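Coordinates from target14.txt are shown below (compact mmCIF, C-alpha atoms).
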# COMPACT_ATOMS: atom_id res chain seq x y z
CA MET A 208 -1.37 13.99 58.03
CA PRO A 209 -2.03 10.30 57.23
CA ASP A 210 -5.32 8.77 58.30
CA GLN A 211 -5.28 6.72 61.48
CA ILE A 212 -6.85 3.42 60.43
CA SER A 213 -7.72 0.98 63.18
CA LEU A 214 -6.61 -2.65 62.99
CA GLY A 215 -10.20 -3.90 62.92
CA ARG A 216 -11.01 -1.63 60.00
CA ARG A 217 -7.94 -2.82 58.11
CA ASN A 218 -8.85 -6.45 58.68
CA PHE A 219 -12.38 -5.81 57.45
CA GLY A 220 -11.05 -4.11 54.30
CA ARG A 221 -8.72 -7.01 53.56
CA PHE A 222 -11.55 -9.48 54.20
CA ILE A 223 -13.97 -7.99 51.67
CA ILE A 224 -11.23 -7.63 49.02
CA TRP A 225 -9.80 -11.12 49.34
CA GLY A 226 -13.18 -12.71 50.03
CA SER A 227 -14.69 -11.29 46.85
CA ALA A 228 -11.53 -12.23 44.90
CA ILE A 229 -11.72 -15.86 46.09
CA PHE A 230 -15.43 -15.93 45.22
CA LEU A 231 -14.63 -14.65 41.71
CA ILE A 232 -11.87 -17.24 41.20
CA LEU A 233 -14.12 -20.09 42.38
CA THR A 234 -16.94 -18.91 40.08
CA VAL A 235 -14.63 -18.76 37.07
CA LEU A 236 -13.19 -22.17 37.89
CA LEU A 237 -16.61 -23.81 38.27
CA GLN A 238 -17.91 -22.26 35.06
CA SER A 239 -14.77 -23.31 33.18
CA LEU A 240 -15.19 -26.90 34.35
CA ASP A 241 -18.84 -26.75 33.32
CA GLN A 242 -18.02 -25.35 29.87
CA THR A 243 -15.38 -28.03 29.20
CA ASN A 244 -17.82 -30.75 30.37
CA PHE A 245 -15.41 -32.06 33.00
CA LEU A 246 -18.10 -31.38 35.61
CA THR A 247 -21.70 -30.31 35.19
CA PHE A 248 -23.17 -27.56 37.34
CA GLY A 249 -26.00 -26.45 35.06
CA PHE A 250 -24.70 -22.99 34.14
CA GLU A 251 -26.58 -21.70 31.10
CA ASN A 252 -24.25 -18.75 30.40
CA TRP A 253 -21.40 -16.70 31.85
CA ARG A 254 -23.59 -14.30 33.81
CA PRO A 255 -22.54 -15.69 37.21
CA THR A 256 -18.93 -14.81 36.37
CA LEU A 257 -20.02 -11.32 35.30
CA TYR A 258 -21.90 -10.79 38.57
CA ALA A 259 -18.95 -12.13 40.57
CA TYR A 260 -16.61 -9.75 38.73
CA LEU A 261 -18.88 -6.76 39.44
CA LEU A 262 -19.03 -7.77 43.11
CA TRP A 263 -15.22 -8.02 43.25
CA ALA A 264 -14.81 -4.66 41.52
CA PHE A 265 -17.17 -2.99 44.00
CA CYS A 266 -15.48 -4.64 47.00
CA LEU A 267 -12.04 -3.68 45.67
CA CYS A 268 -13.01 0.00 45.40
CA LEU A 269 -14.71 -0.04 48.78
CA GLY A 270 -11.77 -1.87 50.35
CA GLN A 271 -9.34 0.83 49.14
CA VAL A 272 -11.30 3.48 51.01
CA ILE A 273 -11.56 1.33 54.13
CA LEU A 274 -7.87 0.42 54.13
CA TYR A 275 -6.30 3.73 53.12
CA GLY A 276 -8.84 6.44 53.87
CA GLU A 277 -8.26 9.62 51.84
CA GLN A 278 -5.46 7.99 49.87
CA GLY A 279 -7.88 5.22 48.92
CA LYS A 280 -10.40 7.80 47.71
CA ARG A 281 -7.74 9.25 45.43
CA ARG A 282 -7.15 5.78 44.01
CA LEU A 283 -10.79 5.66 42.97
CA PHE A 284 -10.01 8.19 40.24
CA ILE A 285 -7.86 5.55 38.48
CA LEU A 286 -9.18 2.20 39.68
CA PRO A 287 -12.52 2.22 37.77
CA ALA A 288 -10.66 2.87 34.50
CA VAL A 289 -8.32 -0.07 35.23
CA LEU A 290 -11.26 -2.32 36.02
CA PHE A 291 -12.98 -1.22 32.81
CA VAL A 292 -9.90 -2.11 30.75
CA ILE A 293 -9.79 -5.52 32.44
CA SER A 294 -13.46 -6.10 31.63
CA VAL A 295 -13.26 -5.13 27.94
CA VAL A 296 -9.73 -6.40 27.12
CA ILE A 297 -8.36 -8.95 29.57
CA PHE A 298 -11.55 -10.92 30.25
CA PRO A 299 -12.54 -11.27 26.54
CA LEU A 300 -8.97 -12.37 25.79
CA ILE A 301 -9.19 -15.09 28.44
CA PHE A 302 -12.59 -16.12 27.09
CA ALA A 303 -11.12 -16.23 23.56
CA LEU A 304 -8.37 -18.56 24.79
CA GLY A 305 -11.05 -20.95 25.97
CA ILE A 306 -12.73 -20.84 22.55
CA ALA A 307 -9.39 -21.24 20.76
CA PHE A 308 -8.91 -24.72 22.20
CA SER A 309 -12.40 -25.84 21.30
CA SER A 310 -14.22 -27.25 18.32
CA TRP A 311 -17.10 -24.86 17.76
CA ASN A 312 -18.82 -24.83 14.39
CA LEU A 313 -22.00 -22.78 14.32
CA SER A 314 -23.56 -25.19 11.84
CA SER A 315 -23.03 -28.15 14.17
CA PRO A 316 -25.80 -29.09 16.65
CA ASP A 317 -23.21 -30.27 19.21
CA GLY A 318 -22.17 -26.75 20.20
CA ARG A 319 -18.74 -25.98 21.59
CA GLN A 320 -16.57 -28.96 22.53
CA PHE A 321 -13.10 -28.86 24.07
CA ASN A 322 -10.64 -30.41 21.59
CA GLY A 323 -7.23 -29.79 23.17
CA LEU A 324 -4.46 -29.17 20.64
CA ALA A 325 -6.48 -30.17 17.57
CA ASN A 326 -6.61 -26.57 16.33
CA VAL A 327 -2.82 -26.32 16.65
CA TYR A 328 -2.34 -29.38 14.43
CA GLN A 329 -4.91 -28.07 11.95
CA MET A 330 -3.17 -24.70 11.71
CA TRP A 331 0.23 -26.35 11.26
CA ALA A 332 -1.13 -28.32 8.29
CA ASP A 333 -3.16 -25.45 6.80
CA PRO A 334 -1.33 -24.18 3.68
CA PHE A 335 -3.79 -21.32 3.16
CA TYR A 336 -3.05 -19.78 6.55
CA TRP A 337 0.71 -19.93 6.01
CA ASN A 338 0.19 -18.48 2.54
CA ALA A 339 -1.70 -15.57 4.15
CA LEU A 340 1.21 -15.03 6.55
CA LYS A 341 3.61 -15.02 3.59
CA ASN A 342 1.43 -12.45 1.84
CA MET A 343 1.64 -10.25 4.92
CA ILE A 344 5.42 -10.15 4.46
CA TYR A 345 4.93 -8.77 0.94
CA TYR A 346 2.31 -6.28 2.12
CA THR A 347 4.51 -5.10 4.99
CA LEU A 348 7.62 -4.70 2.84
CA ALA A 349 5.59 -2.52 0.49
CA ILE A 350 5.55 0.09 3.28
CA LEU A 351 9.13 1.01 2.33
CA VAL A 352 7.95 2.08 -1.14
CA GLU A 353 5.00 3.91 0.42
CA TYR A 354 7.39 5.74 2.73
CA VAL A 355 9.56 6.92 -0.17
CA ILE A 356 6.49 8.20 -2.04
CA ALA A 357 5.10 9.87 1.09
CA PHE A 358 8.44 11.54 1.81
CA GLY A 359 8.66 12.82 -1.75
CA LEU A 360 5.14 14.26 -1.62
CA ALA A 361 5.87 15.87 1.75
CA LEU A 362 9.02 17.50 0.35
CA LEU A 363 7.02 18.76 -2.62
CA LEU A 364 4.26 20.23 -0.45
CA ASN A 365 6.85 21.82 1.82
CA THR A 366 8.22 23.93 -1.04
CA GLN A 367 6.79 27.18 -2.34
CA ILE A 368 4.83 25.75 -5.27
CA LYS A 369 1.72 27.25 -6.81
CA ALA A 370 -1.63 26.05 -5.41
CA ARG A 371 0.16 24.42 -2.49
CA LYS A 372 -2.91 24.53 -0.24
CA PHE A 373 -5.05 22.95 -2.95
CA PHE A 374 -2.61 20.07 -3.43
CA ARG A 375 -2.41 19.50 0.32
CA VAL A 376 -6.16 19.00 0.47
CA ALA A 377 -6.22 16.96 -2.76
CA PHE A 378 -3.51 14.57 -1.56
CA LEU A 379 -5.37 14.06 1.72
CA MET A 380 -8.66 13.10 0.06
CA PRO A 381 -7.90 9.33 -0.15
CA LEU A 382 -7.39 9.30 3.62
CA MET A 383 -10.89 10.72 4.06
CA LEU A 384 -12.40 7.69 2.28
CA SER A 385 -12.97 4.36 3.99
CA PRO A 386 -11.15 1.32 2.58
CA VAL A 387 -14.56 -0.17 1.72
CA ALA A 388 -15.39 2.86 -0.43
CA VAL A 389 -11.97 2.66 -2.11
CA SER A 390 -12.40 -1.05 -2.83
CA TRP A 391 -15.77 -0.53 -4.50
CA MET A 392 -14.82 2.65 -6.30
CA ILE A 393 -11.56 1.33 -7.76
CA GLY A 394 -11.53 -2.45 -7.47
CA LYS A 395 -15.17 -3.16 -8.29
CA SER A 396 -15.89 -0.26 -10.66
CA MET A 397 -12.84 1.24 -12.37
CA LEU A 398 -10.94 -2.06 -12.66
CA GLU A 399 -13.96 -4.20 -13.58
CA ALA A 400 -12.86 -6.46 -16.46
CA ARG A 401 -15.79 -5.83 -18.82
CA PHE A 402 -17.11 -2.31 -18.26
CA GLY A 403 -14.55 -0.58 -16.05
CA PRO A 404 -13.09 2.61 -17.55
CA ILE A 405 -9.50 1.52 -16.88
CA SER A 406 -10.16 -1.86 -18.52
CA ARG A 407 -11.67 -0.11 -21.56
CA LEU A 408 -8.62 2.13 -21.80
CA ALA A 409 -6.39 -0.94 -21.60
CA ARG A 410 -8.28 -2.47 -24.55
CA GLU A 411 -7.83 0.71 -26.53
CA LEU A 412 -4.09 0.48 -25.88
CA GLY A 413 -3.91 -3.09 -27.17
CA TRP A 414 -4.53 -5.30 -24.12
CA GLU A 415 -7.04 -7.79 -25.55
CA ASN A 416 -8.39 -9.24 -22.32
CA PRO A 417 -7.46 -6.98 -19.39
CA SER A 418 -7.74 -8.80 -16.08
CA PHE A 419 -6.25 -7.02 -13.10
CA PHE A 420 -7.09 -9.87 -10.74
CA GLY A 421 -6.41 -12.87 -12.98
CA SER A 422 -2.83 -13.65 -11.97
CA HIS A 423 -1.33 -13.94 -8.52
CA GLU A 424 1.30 -11.22 -8.92
CA MET A 425 -1.03 -8.77 -10.65
CA ALA A 426 -3.83 -9.21 -8.11
CA ARG A 427 -1.46 -8.79 -5.16
CA SER A 428 0.12 -5.70 -6.72
CA VAL A 429 -3.26 -4.07 -7.35
CA ILE A 430 -4.30 -4.70 -3.73
CA MET A 431 -1.03 -3.11 -2.58
CA MET A 432 -1.60 -0.06 -4.78
CA MET A 433 -5.17 0.47 -3.57
CA ASP A 434 -4.11 0.15 0.06
CA ALA A 435 -1.13 2.46 -0.53
CA TRP A 436 -3.32 5.05 -2.25
CA THR A 437 -5.52 5.10 0.86
CA PHE A 438 -2.82 5.39 3.53
CA ILE A 439 0.12 7.19 1.92
CA PRO A 440 -1.52 10.54 2.85
CA LEU A 441 -1.32 9.54 6.53
CA MET A 442 2.45 9.11 6.33
CA MET A 443 2.75 12.21 4.14
CA ILE A 444 0.99 14.51 6.59
CA MET A 445 3.13 13.24 9.50
CA ILE A 446 6.34 13.76 7.55
CA LEU A 447 5.16 17.18 6.35
CA ALA A 448 4.55 18.24 9.96
CA GLY A 449 8.09 17.13 10.80
CA LEU A 450 9.57 19.02 7.86
CA GLN A 451 7.85 22.22 8.93
CA ALA A 452 9.30 21.84 12.43
CA ILE A 453 12.90 21.89 11.15
CA PRO A 454 14.46 25.31 11.88
CA LYS A 455 14.97 27.29 8.68
CA GLU A 456 18.26 28.61 10.02
CA MET A 457 19.87 25.21 9.49
CA HIS A 458 19.09 25.20 5.78
CA GLU A 459 20.08 28.85 5.48
CA ALA A 460 23.45 28.09 7.07
CA ALA A 461 23.95 25.21 4.63
CA ASP A 462 23.13 27.54 1.73
CA VAL A 463 25.73 30.01 2.98
CA ASP A 464 28.31 27.20 3.05
CA GLY A 465 27.38 26.34 -0.53
CA ALA A 466 26.03 22.85 0.18
CA PRO A 467 24.16 21.28 -2.78
CA PRO A 468 20.49 20.24 -2.30
CA TRP A 469 21.24 16.50 -2.09
CA LYS A 470 23.83 17.10 0.65
CA LYS A 471 21.40 19.26 2.64
CA PHE A 472 18.86 16.44 2.42
CA TRP A 473 21.19 13.62 3.53
CA GLU A 474 23.03 15.56 6.23
CA ILE A 475 20.29 17.81 7.61
CA THR A 476 16.74 16.93 6.55
CA PHE A 477 16.82 13.14 6.64
CA PRO A 478 18.67 12.75 10.00
CA LEU A 479 16.37 15.27 11.69
CA MET A 480 13.33 13.52 10.21
CA LEU A 481 14.39 10.08 11.40
CA PRO A 482 12.24 10.05 14.59
CA VAL A 483 9.17 11.22 12.67
CA SER A 484 9.87 8.75 9.87
CA ILE A 485 10.20 5.81 12.23
CA THR A 486 6.99 6.78 14.02
CA ALA A 487 5.13 7.07 10.72
CA ILE A 488 6.42 3.68 9.56
CA LEU A 489 5.46 1.97 12.83
CA ILE A 490 1.95 3.41 12.69
CA ARG A 491 1.65 2.33 9.07
CA ILE A 492 2.77 -1.20 9.98
CA ILE A 493 0.00 -1.36 12.59
CA PHE A 494 -2.58 -0.40 9.97
CA LYS A 495 -1.07 -2.80 7.44
CA LEU A 496 -1.18 -5.79 9.80
CA LYS A 497 -4.97 -5.52 9.98
CA LEU A 498 -5.47 -5.16 6.23
CA ALA A 499 -8.73 -6.87 5.30
CA ASP A 500 -11.44 -4.48 3.98
CA ILE A 501 -10.10 -4.06 0.45
CA ILE A 502 -9.25 -7.75 0.07
CA ILE A 503 -12.65 -8.96 1.30
CA ASN A 504 -14.60 -6.63 -0.99
CA VAL A 505 -12.48 -6.95 -4.14
CA THR A 506 -10.99 -10.45 -4.36
CA SER A 507 -12.16 -12.39 -1.27
CA GLY A 508 -8.59 -13.63 -1.04
CA GLY A 509 -8.38 -14.91 -4.63
CA PRO A 510 -7.18 -16.00 -7.00
CA GLY A 511 -6.23 -19.12 -5.08
CA GLY A 512 -5.42 -17.23 -1.88
CA ALA A 513 -2.89 -14.99 -3.66
CA THR A 514 -4.20 -11.78 -2.09
CA ASP A 515 -5.26 -13.15 1.29
CA SER A 516 -4.12 -11.36 4.41
CA VAL A 517 -4.29 -13.12 7.75
CA THR A 518 -7.21 -10.95 8.84
CA SER A 519 -9.23 -11.59 5.67
CA PHE A 520 -8.53 -15.32 5.93
CA ILE A 521 -9.73 -15.41 9.54
CA PHE A 522 -12.82 -13.41 8.56
CA ARG A 523 -13.73 -15.97 5.92
CA GLU A 524 -13.08 -18.78 8.40
CA TYR A 525 -15.81 -17.23 10.54
CA ARG A 526 -18.19 -16.13 7.80
CA ASP A 527 -17.97 -18.87 5.18
CA ARG A 528 -17.10 -21.91 7.31
CA SER A 529 -18.68 -20.81 10.62
CA ASN A 530 -15.64 -22.30 12.34
CA VAL A 531 -15.47 -20.15 15.46
CA GLY A 532 -13.04 -22.32 17.42
CA TYR A 533 -10.41 -22.64 14.70
CA GLY A 534 -10.81 -19.01 13.60
CA THR A 535 -10.32 -17.79 17.17
CA PHE A 536 -7.15 -19.85 17.54
CA LEU A 537 -5.76 -18.36 14.32
CA ALA A 538 -6.54 -14.88 15.62
CA ILE A 539 -4.81 -15.56 18.95
CA PHE A 540 -1.74 -16.92 17.17
CA TYR A 541 -1.65 -13.87 14.89
CA LEU A 542 -1.97 -11.58 17.92
CA ILE A 543 1.08 -13.22 19.49
CA ILE A 544 3.04 -12.68 16.27
CA ILE A 545 2.00 -9.01 16.17
CA VAL A 546 2.96 -8.42 19.82
CA ILE A 547 6.40 -9.99 19.32
CA LEU A 548 7.00 -8.17 16.03
CA MET A 549 5.95 -4.74 17.32
CA THR A 550 7.99 -5.20 20.52
CA ILE A 551 11.11 -5.93 18.48
CA LEU A 552 10.46 -3.03 16.08
CA ILE A 553 9.83 -0.56 18.91
CA LYS A 554 13.05 -1.58 20.65
CA ILE A 555 15.01 -1.18 17.42
CA ALA A 556 13.34 2.17 16.74
CA ASP A 557 14.11 3.33 20.26
CA LYS A 558 17.81 2.65 19.70
CA TRP A 559 17.79 4.53 16.39
CA MET A 560 16.02 7.54 17.82
CA LYS A 561 18.36 7.93 20.78
CA PRO A 562 20.79 10.83 20.24
CA ARG A 563 24.35 9.78 19.46
CA TYR A 564 27.14 11.83 20.99
What is this file in structure tokens?
Amino acid sequence: MPDQISLGRRNFGRFIIWGSAIFLILTVLLQSLDQTNFLTFGFENWRPTLYAYLLWAFCLCLGQVILYGEQGKRRLFILPAVLFVISVVIFPLIFALGIAFSSWNLSSPDGRQFNGLANVYQMWADPFYWNALKNMIYYTLAILVEYVIAFGLALLLNTQIKARKFFRVAFLMPLMLSPVAVSWMIGKSMLEARFGPISRLARELGWENPSFFGSHEMARSVIMMMDAWTFIPLMMIMILAGLQAIPKEMHEAADVDGAPPWKKFWEITFPLMLPVSITAILIRIIFKLKLADIIINVTSGGPGGATDSVTSFIFREYRDRSNVGYGTFLAIFYLIIIVILMTILIKIADKWMKPRY
């Protein structure tokens, strides 16, 4: 039986919800005007907005109970989680938008100054940022090669080979290491030009001056291989799980019909593995788009920006140049690109994974 809520109680519930919301909006507006120096109210930080948000969150939860009774109490199981997401995702994003259209260099005594579209013009004329975006195309396309290798390893581990359990654990070991550890272990130690064991072996084989990071193509390829070595096991284990879920009766029926192995793969295994494959590739793309650890530790984007990813370039914009405003704008622009790209890829993947009759 629904709760009988009086008109006065409903009006009071609406009042505290909308009153606190208007108070929050006015606080944000006044602080924004103060931060952009259009008007001066003497705010030292954003704490008033935080307190206004907490007041609105409390009034919103209380207002649900006042307005809807028991149904409002049930909403309280979800509403705090929604408010938490808003506080840790939406609000920082809005704050980042304010920084993105500002000139804020930590080495400058002037502090943060609103500069309009100056960061847009600077990004448009920045060849290093566009070079980093171009590098991301190369890095992302390399996922196709990683997928082929991962699929081959999964097929191998799905067969009845000797020491299969050992190889499963051995192939998963790179995934257990952090990219920072991989970059120091391989990039800084094994591939070190003077004393690295791989460089010494290259000299023994006739390479007079081995330099794995001296040319643009070589450096980019080595970064791709280190990143692939780290994350191929992730795709492999997902594909292996999909292979083990395929009913054995389908392969047994194909054997009875006398189908060769390649035909069983193209007509049974690969079509059935398409949903798992697409999921693995999409997850790998997400990891690839934030590639930075290996690049920062091994090459710092060199030589000449040849290995830079967008994330590593933005990191250096913060760390080396202390340019918070411009770096934040680059990050926001990259986020928009990622959202658009992943939306398109997910829609395409959804069409591929739908059953065809």
message: Just to confirm, what's the straight-line distance from CA of Ser314 in chain A to CA of Gly534 in chain A in Å (one decimal)?
response: 14.3 Å
- prompt: Which is closer to Ala448 in chain A than all the others in A:Ala370, A:Met383, A:Ala499, A:Leu364, using only C-alpha atoms?
  reply: A:Leu364
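Each of A:Ala259, A:Met397, A:Val429, A:Val355 was checked against Ile229 in chain A using only C-alpha atoms; the smallest atom-to-atom distance is that of A:Ala259.
CA of Gln278 in chain A to CA of Phe222 in chain A spans 19.0 Å [interatomic distance, one decimal].
The gap separating CA of Ala377 in chain A from CA of Ile356 in chain A is 15.5 Å, in Å to one decimal.
Shortest atom-to-atom contact with Ile553 in chain A among A:Ala538, A:Ile490, A:Ile503, A:Ile446: A:Ile490, counting all atoms listed in the file.
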Contacts of range 267-351 of chain A with range 435-438 of chain A up to 10 Å, shortest pair per row, all atoms listed in the file, as JSON lines:
{"residue": "A:Tyr346", "atom": "CA", "partner": "A:Ala435", "partner_atom": "CA", "distance": 9.8}
{"residue": "A:Ala349", "atom": "CA", "partner": "A:Ala435", "partner_atom": "CA", "distance": 8.4}
{"residue": "A:Ile350", "atom": "CA", "partner": "A:Ala435", "partner_atom": "CA", "distance": 8.0}
query: Within 9 Å of Met560 in chain A, counting only C-alpha atoms, which residues qualify if same-chain residues fewer than 6 places away don't, as JSON, numbers by chain?
result: {"A": [481, 482, 485]}
